[in-house]
Amino acid sequence: MADKQEILNRWRLVLGKYAAGQISFSEENVRLMDMEEALDYLYDREYGEEQGIRKEGGGSGDSRLTVPHWLAKVKKLFPKQTVEIMEHHALEKYGMTELLTDPEVLRKLEPNKELLKTILGLKHMMKGEVLVLAREIVRKVAEELMRKLEQDMQKAFFGRLNRNSSSPVRSVRNLDMKKTIKRNLQNYDTERQQLVLKQVYFNARMKKYNQWRVIICVDESGSMLDSVIHSAVMAGIFAKLPMLDTKLVIFDTNVVDLSGYVSDPVETLMSIQLGGGTNIAGALSYCERLIDFPYRTMVVLVSDLYEGGGYQNMYQVSKGIIESGAKLVVLTALDMEANPNYDRRAAAVLADMGASVGAMTPEELAGFIAKVV
């Protein structure tokens with residue numbers, strides 16, 4: 001159990017320098033004083049001028065700090081998780097956009113999904129070196145997401161005999177005779193004139209397939225940002241699978257076909273323009289034109305279904321896609337938590353038409369598509 005002074009130290013950090021008259025740090029603890037200065041630099045913004053508490057300039061406290069110095073200080077004083085929370089508060093709660101417009105500052109930010117979301121929201125403010133650094137952060141976060149998801153995605157799809165991959169499943173029908181003989185030639189017993197097998201190789205299994213076209217149609221409104229990120233990453237993973245011909249379309253009131261960048265999530269994410277209206281019917285109409293073989297096509301609409309272009313138009317186009325023989329999948333959320341906020345009435349109407357409607361995690365979407373394919 002923490003001693004009394006340690007508890008008082010923590011309360012002093014919570015309450016800030018304005019509690020100095022009532023609670024003192026133990027002796028002259030430089031580390032605690034530095035922590036208080038770093039916390040005050042950020043959370044003093046909680047006090048409005050009308051309260052007469054926060055004062056600009058003067059004194060020996062936060063006036064000495066600049067944003068780069070503050071970032072360096074918090075990284076030194078606090079655990080990584082706490083630093084990420086403070087960076088998030090600085091950007092989202094207190095509008096410290098200099099964190100994303102100053103190259104020196106941007107280099108010190110921890111790449112993570114929350115920072116990625118903020119960059120996507122503020123990239124219109126970035127130019128030159130800052131924009132280059134921002135793209136590098138986007139790349140690092142996107143690659144990390146892909147690493148986490150890609151292995152599970154491929155497991156969902158592969159099962160047919162794959163002669164480029166060995167398997168731990170020892171079955172006669174999986175036996176790779178050619179590879180087994182070649183790898184064991186060095187073990188040939190000349191006296192007995194026998195090949196000694198020290199290692200037997202087996203092929204992995206992979207389901208037979210004919211290529212399917214998967215058209216991922218993503219609503220880029222601000223409320224869908226988590227889903228936009230995961231859609232871009234998932235499209236990049238799907239683009240690597242030989243059984244899928246992946247198309248990627250993003251939309252607000254306009255439609256942008258990013259299929260040419262589908263294998264590069266960074267280009268995809270840096271192309272989105274968050275906010276604006278929503279024209280789901282227009283986006284689905286465009287996707288309908290990409291359907292060549294309906295019975296081997298899946299349209300995946302990622303949207304909260306709050307339609308700005310008229311619900312009847314959206315229902316009519318959706319019905320046309322379904323009646324053509326193509327599969328329509330409506331995802332009200334696509335992220336790790338899959339917590340949707342969507343128009344439930346519209347979702348019910350689309351489900352009654354025959355669309356598959358629901359929120360999914362990336363793994364669930366991969367499993368769903370794998371079963372269809």
# chains A, B, ... in the order shown; residues from 1 in each chain; ligands from 1

$ residues_around --residues "range 144-150 of chain A" --least-positions-apart "3" --cutoff "12 Å" --atoms "only C-alpha atoms" --output "number ranges by chain"
A: 111-113, 116, 137-141, 153-157, 229-241, 263-266, 335-336, 361-366

$ residues_around --residues "range 100-107 of chain A" --least-positions-apart "3" --cutoff "10 Å" --atoms "only C-alpha atoms" --output "PyMOL selection string"
chain A and resi 66-72+91+96-97+110-111+115+118-119+122-123+125-134+136-137

$ select_by_dssp --residues "range 233-355 of chain A" --states "helix (DSSP H, G or I)" --output "number ranges by chain"
A: 233-238, 259-261, 265-271, 280-289, 294-296, 311-323, 344-353

$ write_last_selection --atoms "N, CA and C atoms" --output "compact mmCIF listing (two decimals), in the first residue's frame"
# COMPACT_ATOMS: atom_id res chain seq x y z
N VAL A 233 -7.62 -1.01 -45.08
CA VAL A 233 -6.65 -2.07 -44.76
C VAL A 233 -7.14 -3.42 -45.28
N MET A 234 -8.43 -3.70 -45.08
CA MET A 234 -8.98 -4.98 -45.54
C MET A 234 -8.92 -5.08 -47.06
N ALA A 235 -9.21 -3.98 -47.76
CA ALA A 235 -9.14 -3.99 -49.22
C ALA A 235 -7.72 -4.30 -49.68
N GLY A 236 -6.73 -3.73 -48.97
CA GLY A 236 -5.34 -4.01 -49.30
C GLY A 236 -4.98 -5.48 -49.12
N ILE A 237 -5.52 -6.11 -48.08
CA ILE A 237 -5.27 -7.53 -47.84
C ILE A 237 -5.99 -8.37 -48.89
N PHE A 238 -7.26 -8.05 -49.17
CA PHE A 238 -8.03 -8.81 -50.17
C PHE A 238 -7.36 -8.73 -51.54
N SER A 259 -9.84 1.97 -56.83
CA SER A 259 -9.41 0.61 -57.15
C SER A 259 -7.97 0.56 -57.63
N GLY A 260 -7.52 1.62 -58.24
CA GLY A 260 -6.13 1.66 -58.71
C GLY A 260 -5.13 1.72 -57.58
N TYR A 261 -5.58 2.10 -56.37
CA TYR A 261 -4.70 2.19 -55.21
C TYR A 261 -5.02 1.13 -54.17
N PRO A 265 -2.86 0.92 -48.90
CA PRO A 265 -3.76 1.59 -47.95
C PRO A 265 -3.36 3.03 -47.65
N VAL A 266 -2.07 3.36 -47.75
CA VAL A 266 -1.64 4.74 -47.47
C VAL A 266 -2.25 5.69 -48.48
N GLU A 267 -2.15 5.36 -49.78
CA GLU A 267 -2.75 6.21 -50.81
C GLU A 267 -4.26 6.30 -50.62
N THR A 268 -4.86 5.18 -50.26
CA THR A 268 -6.31 5.17 -50.04
C THR A 268 -6.69 6.11 -48.91
N LEU A 269 -6.02 5.96 -47.76
CA LEU A 269 -6.37 6.77 -46.60
C LEU A 269 -6.09 8.25 -46.82
N MET A 270 -5.00 8.56 -47.53
CA MET A 270 -4.68 9.97 -47.77
C MET A 270 -5.59 10.59 -48.82
N SER A 271 -6.42 9.76 -49.47
CA SER A 271 -7.34 10.27 -50.50
C SER A 271 -8.71 10.62 -49.94
N ILE A 280 -25.79 7.52 -50.74
CA ILE A 280 -25.56 6.08 -50.84
C ILE A 280 -26.08 5.55 -52.16
N ALA A 281 -27.23 6.05 -52.59
CA ALA A 281 -27.81 5.58 -53.85
C ALA A 281 -26.86 5.82 -55.02
N GLY A 282 -26.24 7.01 -55.06
CA GLY A 282 -25.31 7.32 -56.13
C GLY A 282 -24.10 6.41 -56.11
N ALA A 283 -23.60 6.10 -54.89
CA ALA A 283 -22.44 5.22 -54.77
C ALA A 283 -22.78 3.80 -55.21
N LEU A 284 -23.96 3.30 -54.79
CA LEU A 284 -24.36 1.95 -55.19
C LEU A 284 -24.62 1.87 -56.69
N SER A 285 -25.14 2.94 -57.27
CA SER A 285 -25.35 2.96 -58.72
C SER A 285 -24.02 2.82 -59.46
N TYR A 286 -22.99 3.50 -58.94
CA TYR A 286 -21.67 3.37 -59.55
C TYR A 286 -21.15 1.93 -59.41
N CYS A 287 -21.31 1.36 -58.21
CA CYS A 287 -20.86 -0.02 -57.97
C CYS A 287 -21.59 -1.01 -58.88
N GLU A 288 -22.87 -0.73 -59.14
CA GLU A 288 -23.66 -1.61 -60.00
C GLU A 288 -23.04 -1.69 -61.40
N ARG A 289 -22.42 -0.58 -61.83
CA ARG A 289 -21.80 -0.57 -63.15
C ARG A 289 -20.50 -1.39 -63.19
N PRO A 294 -22.75 -11.15 -62.19
CA PRO A 294 -23.47 -10.97 -60.92
C PRO A 294 -23.33 -12.14 -59.95
N TYR A 295 -23.39 -13.38 -60.48
CA TYR A 295 -23.37 -14.52 -59.58
C TYR A 295 -21.98 -14.79 -58.98
N ARG A 296 -21.00 -14.00 -59.39
CA ARG A 296 -19.68 -14.11 -58.78
C ARG A 296 -19.22 -12.72 -58.31
N TYR A 311 -34.13 7.97 -49.51
CA TYR A 311 -34.10 6.54 -49.15
C TYR A 311 -34.69 5.66 -50.25
N GLN A 312 -35.72 6.13 -50.93
CA GLN A 312 -36.33 5.30 -51.97
C GLN A 312 -35.34 5.01 -53.09
N ASN A 313 -34.51 5.99 -53.41
CA ASN A 313 -33.47 5.77 -54.43
C ASN A 313 -32.49 4.69 -53.96
N MET A 314 -32.11 4.76 -52.69
CA MET A 314 -31.18 3.77 -52.15
C MET A 314 -31.80 2.37 -52.18
N TYR A 315 -33.07 2.27 -51.79
CA TYR A 315 -33.74 0.97 -51.79
C TYR A 315 -33.86 0.41 -53.22
N GLN A 316 -34.17 1.29 -54.17
CA GLN A 316 -34.36 0.85 -55.55
C GLN A 316 -33.06 0.29 -56.14
N VAL A 317 -31.95 1.01 -55.92
CA VAL A 317 -30.67 0.53 -56.44
C VAL A 317 -30.25 -0.76 -55.75
N SER A 318 -30.45 -0.84 -54.45
CA SER A 318 -30.11 -2.05 -53.69
C SER A 318 -30.89 -3.24 -54.20
N LYS A 319 -32.17 -3.03 -54.46
CA LYS A 319 -33.02 -4.11 -54.98
C LYS A 319 -32.50 -4.59 -56.33
N GLY A 320 -32.08 -3.66 -57.18
CA GLY A 320 -31.55 -4.02 -58.49
C GLY A 320 -30.30 -4.89 -58.38
N ILE A 321 -29.41 -4.55 -57.43
CA ILE A 321 -28.18 -5.34 -57.23
C ILE A 321 -28.53 -6.75 -56.78
N ILE A 322 -29.44 -6.86 -55.82
CA ILE A 322 -29.83 -8.17 -55.29
C ILE A 322 -30.52 -9.01 -56.36
N GLU A 323 -31.44 -8.40 -57.11
CA GLU A 323 -32.18 -9.16 -58.13
C GLU A 323 -31.29 -9.56 -59.32
N ARG A 344 -31.57 2.23 -38.15
CA ARG A 344 -32.08 0.86 -37.98
C ARG A 344 -33.26 0.56 -38.92
N ARG A 345 -34.05 1.55 -39.22
CA ARG A 345 -35.19 1.32 -40.12
C ARG A 345 -34.68 0.97 -41.52
N ALA A 346 -33.68 1.74 -42.00
CA ALA A 346 -33.11 1.47 -43.32
C ALA A 346 -32.46 0.08 -43.34
N ALA A 347 -31.79 -0.27 -42.26
CA ALA A 347 -31.15 -1.59 -42.17
C ALA A 347 -32.19 -2.70 -42.27
N ALA A 348 -33.32 -2.51 -41.60
CA ALA A 348 -34.38 -3.53 -41.62
C ALA A 348 -34.96 -3.68 -43.02
N VAL A 349 -35.16 -2.57 -43.72
CA VAL A 349 -35.72 -2.62 -45.07
C VAL A 349 -34.76 -3.38 -46.00
N LEU A 350 -33.47 -3.09 -45.91
CA LEU A 350 -32.48 -3.75 -46.77
C LEU A 350 -32.37 -5.24 -46.44
N ALA A 351 -32.49 -5.57 -45.16
CA ALA A 351 -32.44 -6.99 -44.76
C ALA A 351 -33.64 -7.74 -45.32
N ASP A 352 -34.81 -7.11 -45.30
CA ASP A 352 -36.02 -7.74 -45.85
C ASP A 352 -35.89 -7.98 -47.36
N MET A 353 -35.11 -7.14 -48.03
CA MET A 353 -34.90 -7.32 -49.47
C MET A 353 -34.00 -8.51 -49.79

$ residues_around --residues "Leu15 in chain A" --least-positions-apart "4" --cutoff "12 Å" --atoms "only C-alpha atoms" --output "ChimeraX atom specification"
/A:8-11,19-24,36,39-40,43-44

$ residues_around --residues "Leu225 in chain A" --least-positions-apart "5" --cutoff "10 Å" --atoms "only C-alpha atoms" --output "PDB file with all heavy atoms, in the first residue's frame"
ATOM      1  N   LYS A 117      -6.205   8.795 -37.042  1.00  0.00           N
ATOM      2  CA  LYS A 117      -7.523   9.407 -37.228  1.00  0.00           C
ATOM      3  C   LYS A 117      -7.424  10.934 -37.226  1.00  0.00           C
ATOM      4  O   LYS A 117      -8.081  11.615 -38.015  1.00  0.00           O
ATOM      5  CB  LYS A 117      -8.478   8.919 -36.133  1.00  0.00           C
ATOM      6  CG  LYS A 117      -8.865   7.449 -36.294  1.00  0.00           C
ATOM      7  CD  LYS A 117      -9.415   6.855 -35.027  1.00  0.00           C
ATOM      8  CE  LYS A 117     -10.725   7.454 -34.605  1.00  0.00           C
ATOM      9  NZ  LYS A 117     -11.287   6.735 -33.422  1.00  0.00           N
ATOM     10  N   LEU A 120      -5.893  12.162 -40.495  1.00  0.00           N
ATOM     11  CA  LEU A 120      -6.858  12.112 -41.594  1.00  0.00           C
ATOM     12  C   LEU A 120      -7.834  13.286 -41.519  1.00  0.00           C
ATOM     13  O   LEU A 120      -8.308  13.770 -42.549  1.00  0.00           O
ATOM     14  CB  LEU A 120      -7.620  10.788 -41.568  1.00  0.00           C
ATOM     15  CG  LEU A 120      -6.764   9.531 -41.802  1.00  0.00           C
ATOM     16  CD1 LEU A 120      -7.633   8.285 -41.783  1.00  0.00           C
ATOM     17  CD2 LEU A 120      -5.988   9.631 -43.104  1.00  0.00           C
ATOM     18  N   GLY A 121      -8.132  13.730 -40.306  1.00  0.00           N
ATOM     19  CA  GLY A 121      -9.047  14.854 -40.146  1.00  0.00           C
ATOM     20  C   GLY A 121      -8.397  16.206 -40.415  1.00  0.00           C
ATOM     21  O   GLY A 121      -9.088  17.176 -40.740  1.00  0.00           O
ATOM     22  N   VAL A 218     -17.394   2.435 -49.450  1.00  0.00           N
ATOM     23  CA  VAL A 218     -17.221   2.955 -48.095  1.00  0.00           C
ATOM     24  C   VAL A 218     -17.712   4.398 -47.961  1.00  0.00           C
ATOM     25  O   VAL A 218     -17.288   5.289 -48.704  1.00  0.00           O
ATOM     26  CB  VAL A 218     -15.739   2.881 -47.670  1.00  0.00           C
ATOM     27  CG1 VAL A 218     -15.599   3.208 -46.192  1.00  0.00           C
ATOM     28  CG2 VAL A 218     -15.160   1.495 -47.961  1.00  0.00           C
ATOM     29  N   ASP A 219     -18.579   4.607 -46.995  1.00  0.00           N
ATOM     30  CA  ASP A 219     -19.077   5.926 -46.626  1.00  0.00           C
ATOM     31  C   ASP A 219     -17.966   6.642 -45.846  1.00  0.00           C
ATOM     32  O   ASP A 219     -17.527   6.166 -44.802  1.00  0.00           O
ATOM     33  CB  ASP A 219     -20.323   5.717 -45.741  1.00  0.00           C
ATOM     34  CG  ASP A 219     -20.952   7.007 -45.259  1.00  0.00           C
ATOM     35  OD1 ASP A 219     -20.335   8.073 -45.410  1.00  0.00           O
ATOM     36  OD2 ASP A 219     -22.065   6.930 -44.699  1.00  0.00           O
ATOM     37  N   GLU A 220     -17.493   7.803 -46.352  1.00  0.00           N
ATOM     38  CA  GLU A 220     -16.382   8.486 -45.701  1.00  0.00           C
ATOM     39  C   GLU A 220     -16.839   9.625 -44.781  1.00  0.00           C
ATOM     40  O   GLU A 220     -16.059  10.528 -44.466  1.00  0.00           O
ATOM     41  CB  GLU A 220     -15.391   9.013 -46.740  1.00  0.00           C
ATOM     42  CG  GLU A 220     -15.961  10.041 -47.688  1.00  0.00           C
ATOM     43  CD  GLU A 220     -14.911  10.614 -48.638  1.00  0.00           C
ATOM     44  OE1 GLU A 220     -13.722  10.303 -48.465  1.00  0.00           O
ATOM     45  OE2 GLU A 220     -15.290  11.373 -49.536  1.00  0.00           O
ATOM     46  N   HIS A 230     -10.376   0.598 -41.402  1.00  0.00           N
ATOM     47  CA  HIS A 230     -10.342  -0.860 -41.522  1.00  0.00           C
ATOM     48  C   HIS A 230     -10.749  -1.330 -42.920  1.00  0.00           C
ATOM     49  O   HIS A 230     -10.235  -2.346 -43.402  1.00  0.00           O
ATOM     50  CB  HIS A 230     -11.229  -1.494 -40.448  1.00  0.00           C
ATOM     51  CG  HIS A 230     -10.586  -1.505 -39.090  1.00  0.00           C
ATOM     52  ND1 HIS A 230     -10.767  -0.493 -38.187  1.00  0.00           N
ATOM     53  CD2 HIS A 230      -9.737  -2.386 -38.516  1.00  0.00           C
ATOM     54  CE1 HIS A 230     -10.064  -0.756 -37.098  1.00  0.00           C
ATOM     55  NE2 HIS A 230      -9.429  -1.897 -37.273  1.00  0.00           N
ATOM     56  N   SER A 231     -11.628  -0.594 -43.568  1.00  0.00           N
ATOM     57  CA  SER A 231     -12.006  -0.957 -44.941  1.00  0.00           C
ATOM     58  C   SER A 231     -10.814  -0.832 -45.879  1.00  0.00           C
ATOM     59  O   SER A 231     -10.584  -1.691 -46.739  1.00  0.00           O
ATOM     60  CB  SER A 231     -13.147  -0.058 -45.429  1.00  0.00           C
ATOM     61  OG  SER A 231     -14.313  -0.257 -44.662  1.00  0.00           O
ATOM     62  N   ILE A 272      -9.003  10.160 -48.724  1.00  0.00           N
ATOM     63  CA  ILE A 272     -10.360  10.378 -48.206  1.00  0.00           C
ATOM     64  C   ILE A 272     -10.549  11.833 -47.789  1.00  0.00           C
ATOM     65  O   ILE A 272      -9.613  12.518 -47.392  1.00  0.00           O
ATOM     66  CB  ILE A 272     -10.691   9.429 -47.033  1.00  0.00           C
ATOM     67  CG1 ILE A 272      -9.843   9.767 -45.802  1.00  0.00           C
ATOM     68  CG2 ILE A 272     -10.516   7.981 -47.431  1.00  0.00           C
ATOM     69  CD1 ILE A 272     -10.277   9.021 -44.562  1.00  0.00           C
ATOM     70  N   LEU A 274     -13.021  13.556 -45.230  1.00  0.00           N
ATOM     71  CA  LEU A 274     -14.043  13.294 -44.214  1.00  0.00           C
ATOM     72  C   LEU A 274     -15.085  14.398 -44.164  1.00  0.00           C
ATOM     73  O   LEU A 274     -14.788  15.570 -44.376  1.00  0.00           O
ATOM     74  CB  LEU A 274     -13.382  13.148 -42.845  1.00  0.00           C
ATOM     75  CG  LEU A 274     -12.398  11.993 -42.721  1.00  0.00           C
ATOM     76  CD1 LEU A 274     -11.686  12.051 -41.382  1.00  0.00           C
ATOM     77  CD2 LEU A 274     -13.108  10.666 -42.884  1.00  0.00           C
ATOM     78  N   GLY A 275     -16.311  13.993 -43.855  1.00  0.00           N
ATOM     79  CA  GLY A 275     -17.391  14.961 -43.722  1.00  0.00           C
ATOM     80  C   GLY A 275     -18.195  15.082 -44.996  1.00  0.00           C
ATOM     81  O   GLY A 275     -18.103  14.263 -45.896  1.00  0.00           O
ATOM     82  N   ALA A 333     -20.872  -1.218 -39.367  1.00  0.00           N
ATOM     83  CA  ALA A 333     -19.572  -0.901 -38.763  1.00  0.00           C
ATOM     84  C   ALA A 333     -18.598  -1.987 -39.182  1.00  0.00           C
ATOM     85  O   ALA A 333     -18.968  -3.152 -39.304  1.00  0.00           O
ATOM     86  CB  ALA A 333     -19.661  -0.826 -37.239  1.00  0.00           C
ATOM     87  N   LEU A 334     -17.345  -1.596 -39.399  1.00  0.00           N
ATOM     88  CA  LEU A 334     -16.284  -2.552 -39.696  1.00  0.00           C
ATOM     89  C   LEU A 334     -15.043  -2.093 -38.941  1.00  0.00           C
ATOM     90  O   LEU A 334     -14.267  -1.280 -39.427  1.00  0.00           O
ATOM     91  CB  LEU A 334     -15.994  -2.622 -41.197  1.00  0.00           C
ATOM     92  CG  LEU A 334     -14.835  -3.552 -41.601  1.00  0.00           C
ATOM     93  CD1 LEU A 334     -15.161  -4.998 -41.271  1.00  0.00           C
ATOM     94  CD2 LEU A 334     -14.511  -3.408 -43.082  1.00  0.00           C
ATOM     95  N   ASP A 335     -14.901  -2.557 -37.721  1.00  0.00           N
ATOM     96  CA  ASP A 335     -13.716  -2.241 -36.932  1.00  0.00           C
ATOM     97  C   ASP A 335     -13.541  -3.301 -35.853  1.00  0.00           C
ATOM     98  O   ASP A 335     -14.307  -4.262 -35.790  1.00  0.00           O
ATOM     99  CB  ASP A 335     -13.805  -0.827 -36.321  1.00  0.00           C
ATOM    100  CG  ASP A 335     -15.054  -0.621 -35.472  1.00  0.00           C
ATOM    101  OD1 ASP A 335     -15.366  -1.490 -34.633  1.00  0.00           O
ATOM    102  OD2 ASP A 335     -15.718   0.405 -35.637  1.00  0.00           O
TER     103      ASP A 335
END

$ decode --residues "range 111-121 of chain A" --atoms "all heavy atoms" --output "compact mmCIF listing (two decimals), in the first residue's frame"
# COMPACT_ATOMS: atom_id res chain seq x y z
N PRO A 111 3.22 6.88 -33.28
CA PRO A 111 2.27 6.38 -34.29
C PRO A 111 1.27 5.41 -33.69
O PRO A 111 1.66 4.40 -33.09
CB PRO A 111 3.19 5.67 -35.31
CG PRO A 111 4.54 6.24 -35.09
CD PRO A 111 4.61 6.53 -33.62
N ASN A 112 0.00 5.70 -33.78
CA ASN A 112 -1.06 4.81 -33.31
C ASN A 112 -2.35 5.17 -34.04
O ASN A 112 -2.39 6.15 -34.78
CB ASN A 112 -1.25 4.91 -31.78
CG ASN A 112 -1.53 6.33 -31.32
OD1 ASN A 112 -2.49 6.95 -31.76
ND2 ASN A 112 -0.69 6.86 -30.44
N LYS A 113 -3.38 4.37 -33.83
CA LYS A 113 -4.60 4.57 -34.61
C LYS A 113 -5.28 5.90 -34.29
O LYS A 113 -5.86 6.53 -35.18
CB LYS A 113 -5.58 3.42 -34.38
CG LYS A 113 -6.65 3.34 -35.46
CD LYS A 113 -7.51 2.11 -35.33
CE LYS A 113 -8.56 2.30 -34.28
NZ LYS A 113 -9.57 1.23 -34.26
N GLU A 114 -5.22 6.36 -33.05
CA GLU A 114 -5.84 7.64 -32.71
C GLU A 114 -5.13 8.79 -33.42
O GLU A 114 -5.78 9.72 -33.91
CB GLU A 114 -5.80 7.85 -31.18
CG GLU A 114 -6.74 6.93 -30.41
CD GLU A 114 -8.18 7.04 -30.88
OE1 GLU A 114 -8.67 8.18 -31.06
OE2 GLU A 114 -8.83 6.00 -31.08
N LEU A 115 -3.80 8.71 -33.48
CA LEU A 115 -3.06 9.74 -34.21
C LEU A 115 -3.39 9.68 -35.69
O LEU A 115 -3.54 10.71 -36.36
CB LEU A 115 -1.56 9.57 -33.98
CG LEU A 115 -0.66 10.56 -34.72
CD1 LEU A 115 -1.00 12.00 -34.34
CD2 LEU A 115 0.81 10.27 -34.42
N LEU A 116 -3.51 8.47 -36.22
CA LEU A 116 -3.90 8.30 -37.64
C LEU A 116 -5.22 8.99 -37.91
O LEU A 116 -5.37 9.71 -38.91
CB LEU A 116 -3.99 6.81 -37.96
CG LEU A 116 -4.64 6.43 -39.30
CD1 LEU A 116 -3.89 7.05 -40.46
CD2 LEU A 116 -4.70 4.93 -39.46
N LYS A 117 -6.20 8.80 -37.04
CA LYS A 117 -7.52 9.41 -37.23
C LYS A 117 -7.42 10.93 -37.23
O LYS A 117 -8.08 11.62 -38.02
CB LYS A 117 -8.48 8.92 -36.13
CG LYS A 117 -8.87 7.45 -36.29
CD LYS A 117 -9.41 6.86 -35.03
CE LYS A 117 -10.72 7.45 -34.61
NZ LYS A 117 -11.29 6.74 -33.42
N THR A 118 -6.59 11.45 -36.33
CA THR A 118 -6.43 12.90 -36.26
C THR A 118 -5.76 13.44 -37.52
O THR A 118 -6.15 14.48 -38.06
CB THR A 118 -5.61 13.29 -35.02
OG1 THR A 118 -6.23 12.73 -33.85
CG2 THR A 118 -5.54 14.79 -34.86
N ILE A 119 -4.74 12.74 -38.01
CA ILE A 119 -4.06 13.15 -39.25
C ILE A 119 -5.05 13.18 -40.41
O ILE A 119 -5.06 14.12 -41.21
CB ILE A 119 -2.89 12.20 -39.56
CG1 ILE A 119 -1.73 12.46 -38.60
CG2 ILE A 119 -2.41 12.38 -41.01
CD1 ILE A 119 -0.59 11.47 -38.73
N LEU A 120 -5.89 12.16 -40.50
CA LEU A 120 -6.86 12.11 -41.59
C LEU A 120 -7.83 13.29 -41.52
O LEU A 120 -8.31 13.77 -42.55
CB LEU A 120 -7.62 10.79 -41.57
CG LEU A 120 -6.76 9.53 -41.80
CD1 LEU A 120 -7.63 8.29 -41.78
CD2 LEU A 120 -5.99 9.63 -43.10
N GLY A 121 -8.13 13.73 -40.31
CA GLY A 121 -9.05 14.85 -40.15
C GLY A 121 -8.40 16.21 -40.42
O GLY A 121 -9.09 17.18 -40.74
